[in-house]
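Asks: Next up, data14.txt (compact mmCIF, C-alpha atoms).
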# COMPACT_ATOMS: atom_id res chain seq x y z
CA MET A 26 45.67 194.32 149.33
CA ILE A 27 47.20 195.01 152.71
CA THR A 28 46.13 197.30 155.55
CA ILE A 29 48.38 200.03 156.87
CA LYS A 30 47.63 202.06 159.99
CA VAL A 31 48.61 205.72 159.75
CA GLN A 32 48.85 208.12 162.69
CA ASP A 33 48.60 211.75 161.63
CA TYR A 34 49.91 214.84 163.45
CA SER A 35 46.77 215.12 165.59
CA GLY A 36 47.40 211.58 166.88
CA GLU A 37 44.44 210.06 165.06
CA ILE A 38 45.02 206.58 163.67
CA LYS A 39 43.24 205.47 160.50
CA GLU A 40 43.49 202.25 158.54
CA ILE A 41 44.10 202.50 154.82
CA GLN A 42 43.98 199.77 152.22
CA ALA A 43 47.01 199.47 149.99
CA PRO A 44 47.63 197.47 146.82
CA THR A 45 50.93 195.56 146.68
CA ASP A 46 50.92 194.82 142.97
CA MET A 47 51.46 198.38 141.69
CA ASN A 48 55.03 198.96 142.90
CA LEU A 49 53.79 201.92 144.94
CA SER A 50 55.88 203.46 147.69
CA LEU A 51 54.42 204.27 151.09
CA MET A 52 54.98 207.97 150.27
CA GLU A 53 52.81 207.68 147.15
CA LEU A 54 50.14 205.87 149.16
CA LEU A 55 50.13 208.59 151.84
CA LYS A 56 49.86 211.34 149.23
CA ALA A 57 47.06 209.51 147.43
CA ASN A 58 45.20 209.39 150.75
CA GLU A 59 45.55 213.16 151.21
CA TYR A 60 48.02 213.03 154.09
CA PRO A 61 50.14 216.21 154.39
CA VAL A 62 53.28 214.74 152.83
CA LEU A 63 55.11 217.21 150.59
CA ALA A 64 57.53 214.76 148.95
CA THR A 65 59.40 217.74 147.56
CA CYS A 66 62.13 215.65 145.93
CA GLY A 67 59.71 213.24 144.30
CA GLY A 68 61.04 210.14 146.03
CA MET A 69 64.82 210.37 145.79
CA ALA A 70 65.60 210.38 149.53
CA LEU A 71 66.74 214.01 149.25
CA CYS A 72 64.29 216.05 151.30
CA ALA A 73 62.97 213.90 154.18
CA THR A 74 59.53 215.52 153.96
CA CYS A 75 58.09 211.97 153.97
CA HIS A 76 59.80 211.02 157.25
CA VAL A 77 57.74 208.48 159.23
CA LYS A 78 58.33 206.54 162.44
CA VAL A 79 57.32 202.91 162.19
CA GLU A 80 55.63 202.15 165.50
CA GLU A 81 54.56 198.59 164.69
CA GLY A 82 56.04 196.19 162.16
CA PHE A 83 59.44 197.91 161.91
CA GLU A 84 61.25 194.57 162.12
CA ASN A 85 59.51 193.28 158.98
CA LEU A 86 60.90 196.02 156.74
CA SER A 87 63.83 195.66 154.40
CA GLU A 88 66.95 197.49 155.56
CA SER A 89 67.51 201.13 154.68
CA GLY A 90 69.90 201.93 151.85
CA ASP A 91 72.85 204.31 152.28
CA ASP A 92 71.02 207.30 150.75
CA GLU A 93 68.15 206.84 153.18
CA LEU A 94 70.39 206.34 156.24
CA ASP A 95 72.47 209.40 155.34
CA MET A 96 69.34 211.54 155.08
CA ILE A 97 67.74 210.18 158.27
CA ASP A 98 70.98 210.82 160.13
CA THR A 99 70.64 214.55 159.45
CA LEU A 100 67.13 214.78 160.93
CA PRO A 101 66.98 216.36 164.38
CA ASN A 102 63.94 214.28 165.38
CA ALA A 103 65.06 210.90 164.01
CA GLU A 104 64.76 207.77 166.12
CA PHE A 105 65.70 204.12 165.69
CA ASN A 106 62.40 203.46 163.87
CA SER A 107 62.68 206.37 161.43
CA ARG A 108 62.20 205.64 157.74
CA LEU A 109 61.61 207.67 154.60
CA ALA A 110 58.25 206.60 153.20
CA CYS A 111 59.51 207.11 149.64
CA GLN A 112 62.03 204.33 150.12
CA LEU A 113 59.47 201.75 151.30
CA ARG A 114 57.82 199.76 148.50
CA LEU A 115 54.46 198.36 149.59
CA LYS A 116 54.81 194.61 150.15
CA ASP A 117 52.74 191.88 151.80
CA ASN A 118 55.02 191.80 154.85
CA MET A 119 53.90 195.34 155.70
CA ASP A 120 50.34 194.21 156.42
CA GLY A 121 49.16 195.71 159.72
CA MET A 122 52.12 198.08 160.04
CA LEU A 123 51.59 201.30 162.05
CA VAL A 124 53.41 204.41 160.82
CA ARG A 125 53.39 207.84 162.44
CA LEU A 126 53.96 210.95 160.30
CA ALA A 127 57.15 212.68 161.48
CA ALA A 128 58.20 215.33 158.95
CA ASP A 129 59.73 218.57 160.11
CA GLU A 130 56.94 220.87 161.37
CA GLN A 131 57.90 223.55 158.83
CA ASP A 132 57.29 221.06 156.02
CA VAL A 133 53.73 220.20 156.96
CA MET B 18 72.22 246.43 135.67
CA ILE B 19 71.73 243.36 133.51
CA GLN B 20 69.08 243.75 130.82
CA THR B 21 67.46 240.81 129.10
CA ASP B 22 64.19 239.57 127.65
CA ILE B 23 63.76 236.60 129.98
CA CYS B 24 65.30 236.05 133.39
CA ILE B 25 65.33 232.34 134.16
CA ILE B 26 65.59 231.42 137.84
CA GLY B 27 67.32 228.06 138.13
CA ALA B 28 70.08 226.60 135.95
CA GLY B 29 68.87 223.01 136.09
CA PRO B 30 68.05 221.06 132.92
CA VAL B 31 64.64 222.69 132.49
CA GLY B 32 65.98 226.22 132.98
CA LEU B 33 68.80 225.54 130.51
CA PHE B 34 66.57 224.04 127.84
CA SER B 35 64.25 227.04 128.11
CA VAL B 36 67.14 229.16 126.83
CA PHE B 37 66.99 227.04 123.67
CA GLU B 38 63.23 227.32 123.20
CA ALA B 39 63.35 231.08 123.86
CA GLY B 40 66.36 231.41 121.56
CA LEU B 41 64.44 229.91 118.64
CA LEU B 42 62.07 232.86 119.04
CA LYS B 43 65.00 235.28 119.28
CA LEU B 44 64.43 236.01 122.93
CA ARG B 45 67.56 236.57 125.02
CA CYS B 46 67.94 234.88 128.39
CA HIS B 47 69.84 235.52 131.60
CA VAL B 48 70.03 232.58 134.01
CA VAL B 49 70.44 232.93 137.79
CA ASP B 50 71.20 230.11 140.22
CA ALA B 51 72.06 230.01 143.91
CA LEU B 52 74.53 227.20 143.26
CA PRO B 53 77.99 228.12 141.98
CA GLN B 54 77.65 225.89 138.90
CA VAL B 55 74.98 225.14 136.30
CA GLY B 56 73.05 221.85 136.27
CA GLY B 57 70.92 222.15 139.41
CA GLN B 58 70.43 218.94 141.36
CA LEU B 59 71.85 216.90 138.46
CA SER B 60 75.31 218.43 138.92
CA GLU B 61 75.07 219.09 142.64
CA ILE B 62 73.58 215.84 143.91
CA TYR B 63 73.89 213.02 141.40
CA PRO B 64 76.24 213.98 138.54
CA LYS B 65 77.32 210.37 137.91
CA LYS B 66 73.90 208.73 138.18
CA PRO B 67 72.35 207.46 134.96
CA ILE B 68 69.01 208.82 133.73
CA TYR B 69 66.95 206.45 131.57
CA ASP B 70 63.93 208.50 130.52
CA ILE B 71 65.32 211.24 128.34
CA PRO B 72 63.87 210.64 124.85
CA GLY B 73 66.58 209.55 122.44
CA PHE B 74 69.04 208.66 125.18
CA PRO B 75 68.67 205.05 126.39
CA GLU B 76 71.00 206.04 129.21
CA VAL B 77 72.72 209.32 129.97
CA LYS B 78 74.68 210.39 133.03
CA ALA B 79 73.21 213.44 134.76
CA GLN B 80 76.30 215.62 134.23
CA GLU B 81 76.53 214.51 130.60
CA LEU B 82 72.97 215.72 130.03
CA VAL B 83 73.85 219.08 131.57
CA ASP B 84 76.99 219.36 129.41
CA ASN B 85 74.95 218.54 126.31
CA LEU B 86 72.33 221.15 127.18
CA MET B 87 75.05 223.78 127.63
CA GLU B 88 76.34 222.86 124.16
CA GLN B 89 72.82 223.01 122.73
CA ILE B 90 72.10 226.52 124.05
CA LYS B 91 75.50 227.98 123.12
CA PRO B 92 74.22 229.55 119.86
CA PHE B 93 71.88 231.73 121.89
CA ASN B 94 74.60 233.20 124.09
CA PRO B 95 72.87 233.02 127.47
CA THR B 96 74.43 234.98 130.32
CA PHE B 97 74.66 233.69 133.89
CA THR B 98 74.72 234.90 137.47
CA LEU B 99 75.79 231.90 139.56
CA GLY B 100 76.21 231.51 143.33
CA GLU B 101 73.63 234.21 144.05
CA ARG B 102 70.07 233.78 145.23
CA LEU B 103 67.30 235.99 143.88
CA ASP B 104 65.73 237.80 146.79
CA THR B 105 63.38 240.48 145.55
CA LEU B 106 61.10 241.05 142.58
CA GLU B 107 59.50 244.34 141.65
CA LYS B 108 57.12 245.14 138.85
CA THR B 109 58.31 247.87 136.46
CA ALA B 110 56.66 249.67 133.53
CA THR B 111 58.24 247.23 131.05
CA GLY B 112 58.44 244.06 133.10
CA PHE B 113 60.29 243.21 136.27
CA GLN B 114 63.35 244.15 138.25
CA LEU B 115 65.04 241.41 140.25
CA LYS B 116 67.77 241.68 142.83
CA THR B 117 70.04 238.94 144.17
CA SER B 118 71.40 238.36 147.65
CA ASP B 119 74.68 239.91 146.48
CA GLY B 120 73.01 243.00 145.02
CA THR B 121 73.10 242.07 141.32
CA GLU B 122 70.18 243.72 139.53
CA ILE B 123 68.40 242.26 136.54
CA ASP B 124 65.88 244.08 134.41
CA CYS B 125 63.70 241.77 132.31
CA LYS B 126 60.39 241.55 130.48
CA VAL B 127 59.49 238.05 131.61
CA VAL B 128 60.47 235.93 134.62
CA VAL B 129 60.64 232.15 134.34
CA ILE B 130 60.93 230.25 137.60
CA ALA B 131 62.60 226.90 136.99
CA GLY B 132 63.74 226.53 140.58
CA GLY B 133 63.33 222.76 140.94
CA LEU B 134 63.28 221.78 144.59
CA GLY B 135 63.94 225.39 145.62
CA CYS B 136 66.87 226.63 147.66
CA PHE B 137 68.62 224.30 150.07
CA GLU B 138 68.42 225.85 153.53
CA PRO B 139 69.77 224.57 156.86
CA ARG B 140 67.42 222.22 158.70
CA LYS B 141 66.52 223.60 162.11
CA PRO B 142 66.09 221.42 165.19
CA PRO B 143 62.58 221.47 166.71
CA ILE B 144 63.47 223.38 169.88
CA VAL B 145 61.16 225.93 171.46
CA ASP B 146 62.47 229.50 171.18
CA ILE B 147 65.53 228.59 169.12
CA ALA B 148 64.50 231.21 166.55
CA LYS B 149 64.90 233.90 169.24
CA PHE B 150 68.61 233.16 169.43
CA GLU B 151 69.34 232.96 165.69
CA GLY B 152 72.22 235.32 165.07
CA LYS B 153 72.50 235.79 168.84
CA GLY B 154 74.55 232.70 169.53
CA VAL B 155 72.79 230.17 167.29
CA HIS B 156 74.35 229.75 163.84
CA TYR B 157 73.31 227.16 161.26
CA MET B 158 76.53 227.43 159.30
CA VAL B 159 80.10 228.49 159.89
CA LYS B 160 80.81 231.52 157.75
CA ASP B 161 83.90 232.82 159.54
CA PRO B 162 85.64 230.40 161.94
CA GLU B 163 87.27 233.39 163.69
CA THR B 164 83.87 234.22 165.22
CA PHE B 165 84.39 231.21 167.49
CA ARG B 166 87.98 231.87 168.60
CA ASP B 167 88.35 231.50 172.40
CA LYS B 168 84.62 230.86 172.76
CA ASN B 169 82.62 228.08 174.34
CA VAL B 170 81.03 226.36 171.34
CA ILE B 171 78.50 223.53 171.15
CA LEU B 172 77.95 221.68 167.89
CA ALA B 173 75.13 219.24 167.21
CA GLY B 174 74.83 216.67 164.44
CA GLY B 175 76.58 213.60 163.10
CA GLY B 176 77.26 214.23 159.42
CA ASP B 177 80.41 215.35 157.66
CA SER B 178 79.99 219.04 158.37
CA ALA B 179 79.50 218.42 162.13
CA LEU B 180 82.66 216.29 162.20
CA ASP B 181 84.72 218.64 160.05
CA TRP B 182 83.80 221.76 162.01
CA THR B 183 84.37 220.01 165.34
CA ILE B 184 87.91 219.22 164.20
CA GLU B 185 88.57 222.68 162.74
CA LEU B 186 87.08 224.70 165.59
CA SER B 187 88.81 222.58 168.25
CA LYS B 188 92.02 224.31 167.12
CA ILE B 189 90.82 227.81 168.01
CA ALA B 190 87.81 227.64 170.35
CA LYS B 191 88.14 227.73 174.14
CA LYS B 192 85.91 224.70 174.53
CA ILE B 193 84.14 222.45 172.02
CA THR B 194 81.27 220.08 172.75
CA LEU B 195 79.81 217.83 170.05
CA ILE B 196 76.35 216.42 170.68
CA HIS B 197 75.26 213.46 168.57
CA ARG B 198 72.18 211.28 168.76
CA ASN B 199 73.92 208.00 167.92
CA GLU B 200 77.00 206.16 169.15
CA THR B 201 78.55 206.08 165.70
CA PHE B 202 78.99 208.62 162.91
CA ARG B 203 77.93 208.20 159.29
CA GLY B 204 80.35 210.89 158.13
CA ALA B 205 83.77 210.09 156.63
CA PRO B 206 85.48 207.36 158.77
CA ASP B 207 88.75 209.36 158.92
CA SER B 208 86.97 212.38 160.37
CA ALA B 209 85.00 210.22 162.83
CA GLU B 210 88.22 208.61 164.06
CA LYS B 211 89.80 212.00 164.52
CA VAL B 212 86.84 213.21 166.58
CA PHE B 213 87.05 210.13 168.83
CA ASP B 214 90.81 210.75 169.25
CA LEU B 215 90.23 214.41 170.17
CA ALA B 216 87.70 213.27 172.78
CA LYS B 217 90.15 210.73 174.24
CA GLU B 218 92.84 213.39 174.44
CA GLY B 219 90.39 215.61 176.31
CA LYS B 220 90.49 218.28 173.60
CA ILE B 221 86.78 218.14 172.97
CA ASN B 222 83.75 217.10 174.99
CA LEU B 223 81.87 214.39 173.09
CA LEU B 224 78.29 213.62 174.14
CA LEU B 225 76.95 210.58 172.29
CA LYS B 226 73.40 209.18 172.42
CA SER B 227 72.33 212.67 173.43
CA ASN B 228 69.84 215.20 172.13
CA LEU B 229 69.46 218.96 172.38
CA THR B 230 66.33 219.78 174.34
CA SER B 231 66.36 223.51 175.03
CA VAL B 232 68.25 226.77 174.67
CA SER B 233 68.27 229.69 177.07
CA GLY B 234 69.84 233.09 177.61
CA ASN B 235 69.04 236.69 178.24
CA GLY B 236 68.91 238.29 174.80
CA LYS B 237 71.92 236.22 173.85
CA LEU B 238 72.46 232.47 174.13
CA ASN B 239 74.25 231.37 177.28
CA ALA B 240 73.20 227.76 177.91
CA VAL B 241 71.76 224.67 176.24
CA LYS B 242 70.19 221.60 177.78
CA VAL B 243 71.02 218.12 176.61
CA GLN B 244 69.25 214.87 177.33
CA GLY B 245 71.26 211.67 177.47
CA ALA B 246 70.17 208.13 176.58
CA ASP B 247 69.25 207.50 180.24
CA LYS B 248 66.91 210.53 180.09
CA SER B 249 69.18 212.47 182.46
CA GLU B 250 69.37 216.17 181.66
CA LEU B 251 72.51 218.22 181.58
CA GLU B 252 72.87 221.98 181.31
CA LEU B 253 75.90 223.27 179.45
CA GLU B 254 77.17 226.82 179.29
CA ALA B 255 77.57 228.06 175.73
CA ASP B 256 78.57 231.18 173.84
CA TYR B 257 77.55 229.57 170.56
CA LEU B 258 75.40 226.69 169.38
CA ILE B 259 75.93 225.38 165.84
CA PRO B 260 73.23 222.85 164.87
CA LEU B 261 74.38 221.04 161.71
CA PHE B 262 71.48 218.87 160.58
CA GLY B 263 71.98 219.08 156.85
CA LEU B 264 70.04 221.05 154.27
CA SER B 265 66.44 220.84 153.29
CA PRO B 266 64.86 222.25 150.13
CA LYS B 267 62.64 225.30 150.66
CA LEU B 268 60.88 227.67 148.28
CA GLY B 269 62.88 230.57 149.74
CA PRO B 270 62.13 234.25 148.94
CA ILE B 271 59.97 233.25 145.93
CA ALA B 272 57.27 232.39 148.47
CA ASP B 273 56.86 236.12 149.21
CA TRP B 274 56.35 237.32 145.64
CA GLY B 275 52.56 237.04 145.65
CA LEU B 276 52.43 233.87 143.58
CA SER B 277 49.67 231.36 144.09
CA ILE B 278 51.32 228.53 146.00
CA HIS B 279 49.95 225.12 146.96
CA LYS B 280 51.96 222.82 149.26
CA ASN B 281 55.21 224.65 148.54
CA GLN B 282 54.70 224.52 144.76
CA ILE B 283 53.67 227.22 142.31
CA GLU B 284 50.26 226.79 140.69
CA VAL B 285 50.25 227.26 136.92
CA ASN B 286 47.87 227.32 133.99
CA THR B 287 48.77 224.34 131.79
CA THR B 288 47.98 226.25 128.57
CA ASP B 289 51.31 228.03 128.85
CA TYR B 290 52.63 227.39 132.42
CA SER B 291 51.91 230.97 133.40
CA THR B 292 51.38 231.83 137.07
CA ASN B 293 48.76 234.11 138.58
CA ILE B 294 51.08 237.09 137.89
CA PRO B 295 51.13 238.02 134.16
CA GLY B 296 54.69 237.80 132.85
CA ILE B 297 55.84 235.23 135.42
CA TYR B 298 55.97 231.57 134.42
CA ALA B 299 56.89 228.48 136.48
CA ILE B 300 58.20 225.30 134.85
CA GLY B 301 59.76 222.03 135.95
CA ASP B 302 59.67 220.51 139.43
CA ILE B 303 58.71 223.77 141.14
CA ASN B 304 55.22 224.00 139.60
CA THR B 305 52.07 222.03 140.22
CA TYR B 306 48.91 221.29 138.23
CA PRO B 307 46.49 218.37 138.02
CA GLY B 308 48.42 215.34 136.79
CA LYS B 309 51.85 216.90 137.34
CA LEU B 310 54.78 214.53 136.94
CA LYS B 311 58.17 215.65 138.22
CA LEU B 312 60.10 214.52 135.17
CA ILE B 313 62.83 216.34 133.25
CA LEU B 314 61.06 215.55 129.98
CA CYS B 315 57.82 217.14 131.23
CA GLY B 316 59.83 220.24 132.20
CA PHE B 317 61.22 220.43 128.65
CA HIS B 318 57.70 220.39 127.25
CA GLU B 319 56.63 223.08 129.71
CA GLY B 320 59.59 225.23 128.61
CA ALA B 321 58.57 224.99 124.95
CA LEU B 322 55.01 226.13 125.61
CA MET B 323 56.18 228.81 128.02
CA ALA B 324 58.47 230.33 125.36
CA GLN B 325 55.63 230.73 122.85
CA SER B 326 53.49 232.46 125.46
CA ALA B 327 56.38 234.62 126.70
CA PHE B 328 56.92 235.85 123.13
CA LYS B 329 53.28 236.89 122.86
CA HIS B 330 53.51 238.56 126.26
CA ILE B 331 56.54 240.60 125.21
CA TYR B 332 55.34 241.35 121.65
CA PRO B 333 51.54 241.29 121.77
CA ASP B 334 51.26 242.79 118.28
CA LYS B 335 53.85 240.64 116.50
CA HIS B 336 52.79 237.61 114.56
CA LEU B 337 54.56 234.41 115.59
CA SER B 338 54.77 231.63 113.03
CA PHE B 339 55.82 228.28 114.37
CA LYS B 340 58.94 226.88 112.70
CA TYR B 341 60.72 223.52 112.82
CA THR B 342 64.48 223.54 113.45
CA THR B 343 64.80 220.83 110.77
CA VAL B 344 63.44 223.25 108.18
CA ASN B 345 64.96 226.51 109.40
CA GLY B 346 68.05 225.42 111.29
CA ILE B 347 69.18 227.49 114.24
CA GLU B 348 69.84 231.18 113.90
CA SER B 349 72.32 232.08 116.57
CA PHE B 350 72.72 235.51 118.10
Kindly present the structure from the file in structure tokens form.
Replies:
Amino acid sequence: MITIKVQDYSGEIKEIQAPTDMNLSLMELLKANEYPVLATCGGMALCATCHVKVEEGFENLSESGDDELDMIDTLPNAEFNSRLACQLRLKDNMDGMLVRLAADEQDV
Amino acid sequence: MIQTDICIIGAGPVGLFSVFEAGLLKLRCHVVDALPQVGGQLSEIYPKKPIYDIPGFPEVKAQELVDNLMEQIKPFNPTFTLGERLDTLEKTATGFQLKTSDGTEIDCKVVVIAGGLGCFEPRKPPIVDIAKFEGKGVHYMVKDPETFRDKNVILAGGGDSALDWTIELSKIAKKITLIHRNETFRGAPDSAEKVFDLAKEGKINLLLKSNLTSVSGNGKLNAVKVQGADKSELELEADYLIPLFGLSPKLGPIADWGLSIHKNQIEVNTTDYSTNIPGIYAIGDINTYPGKLKLILCGFHEGALMAQSAFKHIYPDKHLSFKYTTVNGIESF
């Protein structure tokens, strides 16, 4: 189990516990915890409705693949720490990470 | 006016296979899709990617699956309207009348929504009041380049379409400015190089590490503000702003048809995948129910159950006996 801090659209930060042995993505974890993540495309890096900004622990993450970078590059509100939660598999090195929900307002 | 038993919205794998399941019950289908070809996201987005979870196919390429489905439904002679988006739905005495963006009318007894992710619509930048200027200087796509001849045009974005239109419009516009958040472009390297060359030659104004912050004008756009990496703000005069931030899937006009919708997906009854409106079904990735899995194979199952229910909806007094294709073969029509 690891702990991930999630900041929602109101600014509130909550800690959630996450298993690392189930091959879950961060998107699946957020949905399971009732965060307003649409995940329209089901995790194929096609819709960016699971866009998050990694405020703490960004440097520990594996690098983005081409599909993810291409999609992030189209987002008007992307920043250097933007990731698609569907492309992040939960791993031990994510313990303590802080992510902020950052999907397009129309998709929330 | 096109007349059919079932109008299927969406020509992805689930929409196509529904033609087969309906055909076994001698129901005719007309299929409509906003994309110019059949196959949905399989053909449009990942035609060459392998799929591993289609029963009986250890591995099949997405386009190959679509081709096979087209072959499989051939005996039932489906008809297609491609490249048109369905806009309106009206209830009639015998079913429904649908109309596309191009004015094509379809009269049917049952509507099956197999719309997958929905329609891909331009992603809009989060700028206050930008909606006020849509069509009044702000365009999310270039329909007719001539609109921009001798005008002062600002483009924003860093993908292929931003690069390509910067190059094309630089030939006819009075002034072109391209605003991009990064220092580099992820679009095709050839196009990126060309854009850098045009900037060096002074033919375009290239603002890198910059973001759009606001738009202004009196009824019509006349200026945009841009913030640079050093947080300095710059106001630029503009006749047109073309934000090109890619496409994002949206439910589109279907959202206004009175269907019960939860988080952008259509709620269905899992007995037969019917919606809250009798005669309208939703199958595949566009529907939602407890335990929903967005899998092609689940969509196929939903299509089979939908067809049985659609038959009973159309012919409430006819008896329907379930038959195996192995026993009865396929009766084409």
Asks: Check every residue of chain B for an atom within 7 Å of chain A, counting only C-alpha atoms, and provide those that qualify as a list in words.
Replies: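 Here they are: Leu134, Pro142, Gly174, Gly175, Gly176, Arg203, Phe262, Gly263, Ser265, Pro266, Lys280 and Lys311 of chain B.
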Asks: Distance CA of Ile294 in chain B-CA of Leu337 in chain B, one decimal place?
Replies: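 Interatomic distance here is 22.7 Å.
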Asks: Any idea what's packed within 12 Å of Ser208 in chain B, counting only C-alpha atoms, ignoring anything in its chain fewer than 4 positions away? Could you give it as a PyMOL selection string?
Replies: chain B and resi 175-185+201-204+212-215
Asks: So how many Å separate CA of Lys168 in chain B and CA of Gly234 in chain B, to one decimal?
Replies: 15.7 Å
Asks: For CA of Leu322 in chain B and CA of Asp289 in chain B, quote the distance in Å rounded to one decimal.
Replies: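 CA of Asp289 in chain B lies 5.3 Å from CA of Leu322 in chain B.
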Asks: Neighbours of Val77 in chain A within 6 Å (only C-alpha atoms; same-chain residues fewer than 4 positions away dropped), as a PyMOL selection string?
Replies: chain A and resi 107-108+125-127
Asks: If we count all atoms listed in the file and set the cut-off at 10 Å, which residues sit around Thr45 in chain A, ignoring sequence neighbours fewer than 4 positions away in its own chain? Please answer as JSON, numbers by chain.
Replies: {"A": [26, 27, 49, 50, 114, 115, 116, 117, 118, 119, 120]}
Asks: Those same residues, written as a PDB file, in the frame of the given file with C-alpha atoms?
Replies:
ATOM      1  CA  MET A  26      45.670 194.320 149.330  1.00  0.00           C
ATOM      2  CA  ILE A  27      47.200 195.010 152.710  1.00  0.00           C
ATOM      3  CA  LEU A  49      53.790 201.920 144.940  1.00  0.00           C
ATOM      4  CA  SER A  50      55.880 203.460 147.690  1.00  0.00           C
ATOM      5  CA  ARG A 114      57.820 199.760 148.500  1.00  0.00           C
ATOM      6  CA  LEU A 115      54.460 198.360 149.590  1.00  0.00           C
ATOM      7  CA  LYS A 116      54.810 194.610 150.150  1.00  0.00           C
ATOM      8  CA  ASP A 117      52.740 191.880 151.800  1.00  0.00           C
ATOM      9  CA  ASN A 118      55.020 191.800 154.850  1.00  0.00           C
ATOM     10  CA  MET A 119      53.900 195.340 155.700  1.00  0.00           C
ATOM     11  CA  ASP A 120      50.340 194.210 156.420  1.00  0.00           C
TER      12      ASP A 120
END
Asks: Have a look at B:Gly133, B:Pro67, B:Gly346, B:Gly320 and name the one nearest to Ser35 in chain B; count all atoms listed in the file.
Replies: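 Checking each of B:Gly133, B:Pro67, B:Gly346, B:Gly320 against Ser35 in chain B, counting all atoms listed in the file, the winner is B:Gly320.
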Asks: Starting from 4 Å padding per side, set up an axis-aligned box that covers all listed atoms of range 72-83 of chain B and hand over centre and edge lengths in Å, one decimal, as AutoDock Vina command-line options.
Replies:
--center_x 70.2 --center_y 212.1 --center_z 128.6 --size_x 20.7 --size_y 22.0 --size_z 20.3
Asks: Give as an mmCIF file with C-alpha atoms, in the coordinates of the input each residue that has an atom at most 7 Å from (45.4, 199.3, 158.2) in the file, counting only C-alpha atoms.
Replies:
data_model
loop_
_atom_site.group_PDB
_atom_site.id
_atom_site.type_symbol
_atom_site.label_atom_id
_atom_site.label_comp_id
_atom_site.auth_asym_id
_atom_site.auth_seq_id
_atom_site.Cartn_x
_atom_site.Cartn_y
_atom_site.Cartn_z
ATOM 1 C CA THR A 28 46.130 197.300 155.550
ATOM 2 C CA ILE A 29 48.380 200.030 156.870
ATOM 3 C CA LYS A 30 47.630 202.060 159.990
ATOM 4 C CA LYS A 39 43.240 205.470 160.500
ATOM 5 C CA GLU A 40 43.490 202.250 158.540
ATOM 6 C CA ILE A 41 44.100 202.500 154.820
ATOM 7 C CA GLN A 42 43.980 199.770 152.220
ATOM 8 C CA GLY A 121 49.160 195.710 159.720
#
Asks: Place a sphere of radius 9 Å on (63.0, 214.2, 129.0) in the file coordinates and name every protein, DNA or RNA residue with an atom inside or on its surface, counting only C-alpha atoms; give the answer as a list of chain:residue names.
Replies: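 Protein, DNA and RNA residues close to (63.0, 214.2, 129.0): B:Asp70, B:Ile71, B:Pro72, B:Gly73, B:Leu312, B:Ile313, B:Leu314, B:Cys315, B:Gly316, B:Phe317, B:His318.
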Asks: List the neighbours of Leu82 in chain B out to 12 Å using only C-alpha atoms; skip same-chain residues closer than 4 positions along the sequence, and give me the result as a PDB file with C-alpha atoms, in the frame of the given file.
Replies:
ATOM      1  CA  GLY B  29      68.870 223.010 136.090  1.00  0.00           C
ATOM      2  CA  PRO B  30      68.050 221.060 132.920  1.00  0.00           C
ATOM      3  CA  VAL B  31      64.640 222.690 132.490  1.00  0.00           C
ATOM      4  CA  LEU B  33      68.800 225.540 130.510  1.00  0.00           C
ATOM      5  CA  PHE B  34      66.570 224.040 127.840  1.00  0.00           C
ATOM      6  CA  VAL B  55      74.980 225.140 136.300  1.00  0.00           C
ATOM      7  CA  GLY B  56      73.050 221.850 136.270  1.00  0.00           C
ATOM      8  CA  GLY B  57      70.920 222.150 139.410  1.00  0.00           C
ATOM      9  CA  LEU B  59      71.850 216.900 138.460  1.00  0.00           C
ATOM     10  CA  SER B  60      75.310 218.430 138.920  1.00  0.00           C
ATOM     11  CA  TYR B  63      73.890 213.020 141.400  1.00  0.00           C
ATOM     12  CA  PRO B  64      76.240 213.980 138.540  1.00  0.00           C
ATOM     13  CA  LYS B  65      77.320 210.370 137.910  1.00  0.00           C
ATOM     14  CA  LYS B  66      73.900 208.730 138.180  1.00  0.00           C
ATOM     15  CA  PRO B  67      72.350 207.460 134.960  1.00  0.00           C
ATOM     16  CA  ILE B  68      69.010 208.820 133.730  1.00  0.00           C
ATOM     17  CA  TYR B  69      66.950 206.450 131.570  1.00  0.00           C
ATOM     18  CA  ASP B  70      63.930 208.500 130.520  1.00  0.00           C
ATOM     19  CA  ILE B  71      65.320 211.240 128.340  1.00  0.00           C
ATOM     20  CA  PRO B  72      63.870 210.640 124.850  1.00  0.00           C
ATOM     21  CA  GLY B  73      66.580 209.550 122.440  1.00  0.00           C
ATOM     22  CA  PHE B  74      69.040 208.660 125.180  1.00  0.00           C
ATOM     23  CA  GLU B  76      71.000 206.040 129.210  1.00  0.00           C
ATOM     24  CA  VAL B  77      72.720 209.320 129.970  1.00  0.00           C
ATOM     25  CA  LYS B  78      74.680 210.390 133.030  1.00  0.00           C
ATOM     26  CA  LEU B  86      72.330 221.150 127.180  1.00  0.00           C
ATOM     27  CA  MET B  87      75.050 223.780 127.630  1.00  0.00           C
ATOM     28  CA  GLU B  88      76.340 222.860 124.160  1.00  0.00           C
ATOM     29  CA  GLN B  89      72.820 223.010 122.730  1.00  0.00           C
ATOM     30  CA  ILE B 313      62.830 216.340 133.250  1.00  0.00           C
ATOM     31  CA  LEU B 314      61.060 215.550 129.980  1.00  0.00           C
TER      32      LEU B 314
END
Asks: Which residues come within 6 Å of Val128 in chain B, counting all atoms listed in the file, excluding same-chain residues fewer than 2 positions away, as a list in words?
Replies: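 Those residues are Ile23, Cys24 and Ile297 of chain B.
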Asks: Ranking A:Leu113, A:Asn85, A:Ala70, A:Val124 by minimum distance to Glu53 in chain A and counting only C-alpha atoms, which one comes first?
Replies: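 Looking only at the distances to Glu53 in chain A, the closest residue turns out to be A:Leu113.
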